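Enquirer: my_file_23.txt is the file, holding compact mmCIF, N, CA and C atoms:
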# COMPACT_ATOMS: atom_id res chain seq x y z
N MET K 1 103.35 174.66 99.15
CA MET K 1 104.58 173.91 99.01
C MET K 1 105.11 174.09 97.60
N PRO K 2 106.32 174.55 97.47
CA PRO K 2 106.87 174.77 96.13
C PRO K 2 107.40 173.49 95.49
N PHE K 3 107.07 173.35 94.23
CA PHE K 3 107.58 172.24 93.42
C PHE K 3 108.09 172.81 92.11
N LYS K 4 109.10 172.19 91.56
CA LYS K 4 109.59 172.53 90.23
C LYS K 4 109.43 171.30 89.37
N GLU K 5 108.73 171.45 88.24
CA GLU K 5 108.55 170.33 87.33
C GLU K 5 109.74 170.26 86.39
N ILE K 6 110.41 169.13 86.39
CA ILE K 6 111.57 168.89 85.53
C ILE K 6 111.33 167.59 84.78
N ASN K 7 111.21 167.68 83.46
CA ASN K 7 110.96 166.50 82.62
C ASN K 7 109.74 165.71 83.10
N GLY K 8 108.70 166.42 83.52
CA GLY K 8 107.47 165.78 83.96
C GLY K 8 107.51 165.24 85.38
N ILE K 9 108.56 165.53 86.12
CA ILE K 9 108.72 165.05 87.49
C ILE K 9 108.69 166.25 88.44
N ASN K 10 107.85 166.20 89.46
CA ASN K 10 107.76 167.28 90.44
C ASN K 10 108.80 167.08 91.54
N ILE K 11 109.67 168.07 91.68
CA ILE K 11 110.71 168.05 92.71
C ILE K 11 110.36 169.10 93.76
N TYR K 12 110.27 168.67 95.01
CA TYR K 12 109.96 169.57 96.12
C TYR K 12 111.22 170.33 96.53
N TYR K 13 111.05 171.63 96.83
CA TYR K 13 112.18 172.43 97.30
C TYR K 13 111.72 173.51 98.26
N GLU K 14 112.67 174.06 99.00
CA GLU K 14 112.44 175.19 99.90
C GLU K 14 113.60 176.16 99.75
N ILE K 15 113.32 177.46 99.90
CA ILE K 15 114.36 178.48 99.88
C ILE K 15 114.21 179.32 101.15
N HIS K 16 115.31 179.49 101.88
CA HIS K 16 115.31 180.24 103.13
C HIS K 16 116.48 181.22 103.14
N GLY K 17 116.28 182.40 103.70
CA GLY K 17 117.35 183.36 103.88
C GLY K 17 117.73 184.10 102.61
N GLU K 18 118.76 184.93 102.75
CA GLU K 18 119.27 185.73 101.63
C GLU K 18 120.78 185.69 101.65
N GLY K 19 121.38 185.98 100.51
CA GLY K 19 122.84 185.99 100.40
C GLY K 19 123.29 185.01 99.34
N GLU K 20 124.55 184.60 99.44
CA GLU K 20 125.09 183.63 98.50
C GLU K 20 124.33 182.31 98.66
N PRO K 21 123.96 181.66 97.55
CA PRO K 21 123.20 180.42 97.67
C PRO K 21 124.05 179.23 98.12
N VAL K 22 123.46 178.42 98.98
CA VAL K 22 124.05 177.16 99.43
C VAL K 22 122.98 176.10 99.24
N ILE K 23 123.33 175.00 98.58
CA ILE K 23 122.37 173.93 98.31
C ILE K 23 122.65 172.77 99.25
N PHE K 24 121.60 172.35 99.98
CA PHE K 24 121.70 171.19 100.87
C PHE K 24 120.92 170.05 100.22
N GLY K 25 121.61 169.00 99.84
CA GLY K 25 120.96 167.81 99.29
C GLY K 25 120.90 166.72 100.35
N ASN K 26 119.83 165.98 100.34
CA ASN K 26 119.68 164.93 101.33
C ASN K 26 120.32 163.63 100.86
N GLY K 27 120.64 162.79 101.82
CA GLY K 27 121.18 161.47 101.52
C GLY K 27 120.08 160.45 101.34
N ILE K 28 120.45 159.22 101.20
CA ILE K 28 119.48 158.14 100.98
C ILE K 28 118.59 158.00 102.22
N PHE K 29 117.33 157.72 102.00
CA PHE K 29 116.32 157.57 103.06
C PHE K 29 116.18 158.82 103.91
N SER K 30 116.31 159.99 103.30
CA SER K 30 116.22 161.25 104.03
C SER K 30 115.39 162.23 103.22
N ASN K 31 115.18 163.43 103.76
CA ASN K 31 114.47 164.49 103.04
C ASN K 31 114.88 165.84 103.62
N THR K 32 114.17 166.88 103.24
CA THR K 32 114.53 168.23 103.68
C THR K 32 114.49 168.38 105.21
N LEU K 33 113.72 167.57 105.89
CA LEU K 33 113.64 167.66 107.35
C LEU K 33 114.96 167.33 108.03
N GLY K 34 115.85 166.66 107.33
CA GLY K 34 117.15 166.32 107.89
C GLY K 34 118.03 167.53 108.16
N TRP K 35 117.66 168.68 107.60
CA TRP K 35 118.46 169.90 107.75
C TRP K 35 117.84 170.88 108.75
N VAL K 36 116.82 170.47 109.50
CA VAL K 36 116.09 171.37 110.38
C VAL K 36 116.99 172.04 111.42
N ASN K 37 118.00 171.35 111.92
CA ASN K 37 118.88 171.95 112.94
C ASN K 37 119.91 172.91 112.35
N GLN K 38 120.32 172.69 111.11
CA GLN K 38 121.31 173.55 110.47
C GLN K 38 120.69 174.78 109.83
N LEU K 39 119.44 174.69 109.44
CA LEU K 39 118.77 175.76 108.69
C LEU K 39 118.81 177.11 109.40
N PRO K 40 118.46 177.23 110.68
CA PRO K 40 118.47 178.54 111.33
C PRO K 40 119.85 179.21 111.32
N VAL K 41 120.90 178.44 111.45
CA VAL K 41 122.25 179.01 111.49
C VAL K 41 122.67 179.49 110.10
N PHE K 42 122.54 178.62 109.10
CA PHE K 42 123.01 178.97 107.76
C PHE K 42 122.15 180.03 107.09
N SER K 43 120.84 180.04 107.35
CA SER K 43 119.96 180.99 106.67
C SER K 43 120.15 182.43 107.18
N LYS K 44 120.89 182.62 108.25
CA LYS K 44 121.20 183.98 108.72
C LYS K 44 122.15 184.69 107.77
N GLU K 45 123.03 183.94 107.10
CA GLU K 45 124.04 184.53 106.23
C GLU K 45 123.92 184.13 104.77
N PHE K 46 123.20 183.06 104.49
CA PHE K 46 123.14 182.52 103.14
C PHE K 46 121.69 182.31 102.69
N GLN K 47 121.52 182.20 101.39
CA GLN K 47 120.25 181.73 100.84
C GLN K 47 120.37 180.21 100.78
N VAL K 48 119.62 179.53 101.61
CA VAL K 48 119.70 178.08 101.72
C VAL K 48 118.62 177.46 100.84
N ILE K 49 119.03 176.57 99.97
CA ILE K 49 118.11 175.86 99.08
C ILE K 49 118.12 174.39 99.49
N LEU K 50 116.96 173.90 99.87
CA LEU K 50 116.79 172.49 100.24
C LEU K 50 115.92 171.83 99.18
N TYR K 51 116.14 170.57 98.91
CA TYR K 51 115.26 169.87 97.98
C TYR K 51 115.22 168.38 98.32
N ASP K 52 114.12 167.76 97.96
CA ASP K 52 113.98 166.31 98.11
C ASP K 52 114.31 165.67 96.77
N MET K 53 115.27 164.77 96.77
CA MET K 53 115.62 164.07 95.54
C MET K 53 114.45 163.23 95.07
N ARG K 54 114.44 162.89 93.80
CA ARG K 54 113.36 162.07 93.24
C ARG K 54 113.25 160.77 94.03
N GLY K 55 112.02 160.44 94.39
CA GLY K 55 111.76 159.23 95.14
C GLY K 55 111.88 159.40 96.65
N GLN K 56 112.18 160.61 97.10
CA GLN K 56 112.33 160.85 98.54
C GLN K 56 111.47 162.03 98.96
N GLY K 57 111.07 162.02 100.23
CA GLY K 57 110.29 163.13 100.77
C GLY K 57 109.04 163.42 99.97
N GLN K 58 108.86 164.68 99.57
CA GLN K 58 107.65 165.10 98.88
C GLN K 58 107.80 165.12 97.35
N SER K 59 108.98 164.78 96.85
CA SER K 59 109.17 164.72 95.40
C SER K 59 108.51 163.47 94.82
N ASP K 60 108.22 163.52 93.51
CA ASP K 60 107.60 162.38 92.85
C ASP K 60 108.45 161.13 92.96
N LYS K 61 107.74 159.99 93.05
CA LYS K 61 108.41 158.70 93.10
C LYS K 61 108.35 158.06 91.71
N PRO K 62 109.39 157.33 91.31
CA PRO K 62 109.35 156.63 90.03
C PRO K 62 108.29 155.53 90.06
N GLU K 63 107.75 155.22 88.90
CA GLU K 63 106.81 154.11 88.80
C GLU K 63 107.59 152.81 88.85
N GLY K 64 107.01 151.80 89.45
CA GLY K 64 107.66 150.49 89.51
C GLY K 64 108.73 150.43 90.58
N GLN K 65 109.47 149.35 90.56
CA GLN K 65 110.51 149.14 91.56
C GLN K 65 111.77 149.91 91.21
N TYR K 66 112.48 150.30 92.23
CA TYR K 66 113.77 150.96 92.04
C TYR K 66 114.62 150.75 93.28
N SER K 67 115.89 150.91 93.12
CA SER K 67 116.79 150.75 94.28
C SER K 67 117.85 151.81 94.26
Please, can you express the file's structure as structure tokens?

Expert:
Amino acid sequence: MPFKEINGINIYYEIHGEGEPVIFGNGIFSNTLGWVNQLPVFSKEFQVILYDMRGQGQSDKPEGQYS
């Protein structure tokens, strides 16, 4: 599973396909799995980059409470 460390925080990401890059960001209470139906279509023509925002999915969670 690929992670990129940014300022000491591990952010999970995936890269699929080739071509011009397209970034899919997830909404609140979501993660990269939310794009599973769109991924096969877009990755045929584009390099699709998916990532889990901090505190969501497989990315690091902040310490303490947050909203």

Enquirer: Please return, as a list in words, all residues of chain K that DSSP assigns to strand (DSSP E or B) on the basis of the backbone.

Expert: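 Filtering chain K to strand (DSSP E or B) leaves Phe3, Lys4, Glu5, Ile6, Ile9, Asn10, Ile11, Tyr12, Tyr13, Glu14, Ile15, His16, Pro21, Val22, Ile23, Phe24, Gly25, Gln47, Val48, Ile49, Leu50 and Tyr51 of chain K.
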
Enquirer: Quick one: 3 Å padding each side, axis-aligned, all listed atoms of region 17-30 of chain K - centre and edge lengths in Å to one decimal, as JSON?

Expert:
{"center_x": 120.2, "center_y": 171.8, "center_z": 100.8, "size_x": 15.7, "size_y": 34.4, "size_z": 12.5}

Enquirer: Env of Glu20 (chain K): 8 Å cut, atoms = all atoms listed in the file, seq-sep filter 3 positions within chain, self excluded. Answer as a ChimeraX atom specification.

Expert: /K:17,23,45-49

Enquirer: What is the distance between CA of Gln38 (chain K) and CA of Asn26 (chain K), in Å to one decimal?

Expert: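 So the answer is 12.7 Å.
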
Enquirer: Please identify the alpha helix (DSSP H) residues within chain K (assignment by DSSP from backbone atoms) and present them as a list in words.

Expert: Leu39, Pro40, Val41 and Phe42 of chain K

Enquirer: Give the answer as one residue: which of K:Leu39, K:Val22, K:Ile11, K:Ile28 has the shortest atom-to-atom distance to Gln58 (chain K), using only N, CA and C atoms?

Expert: K:Ile11
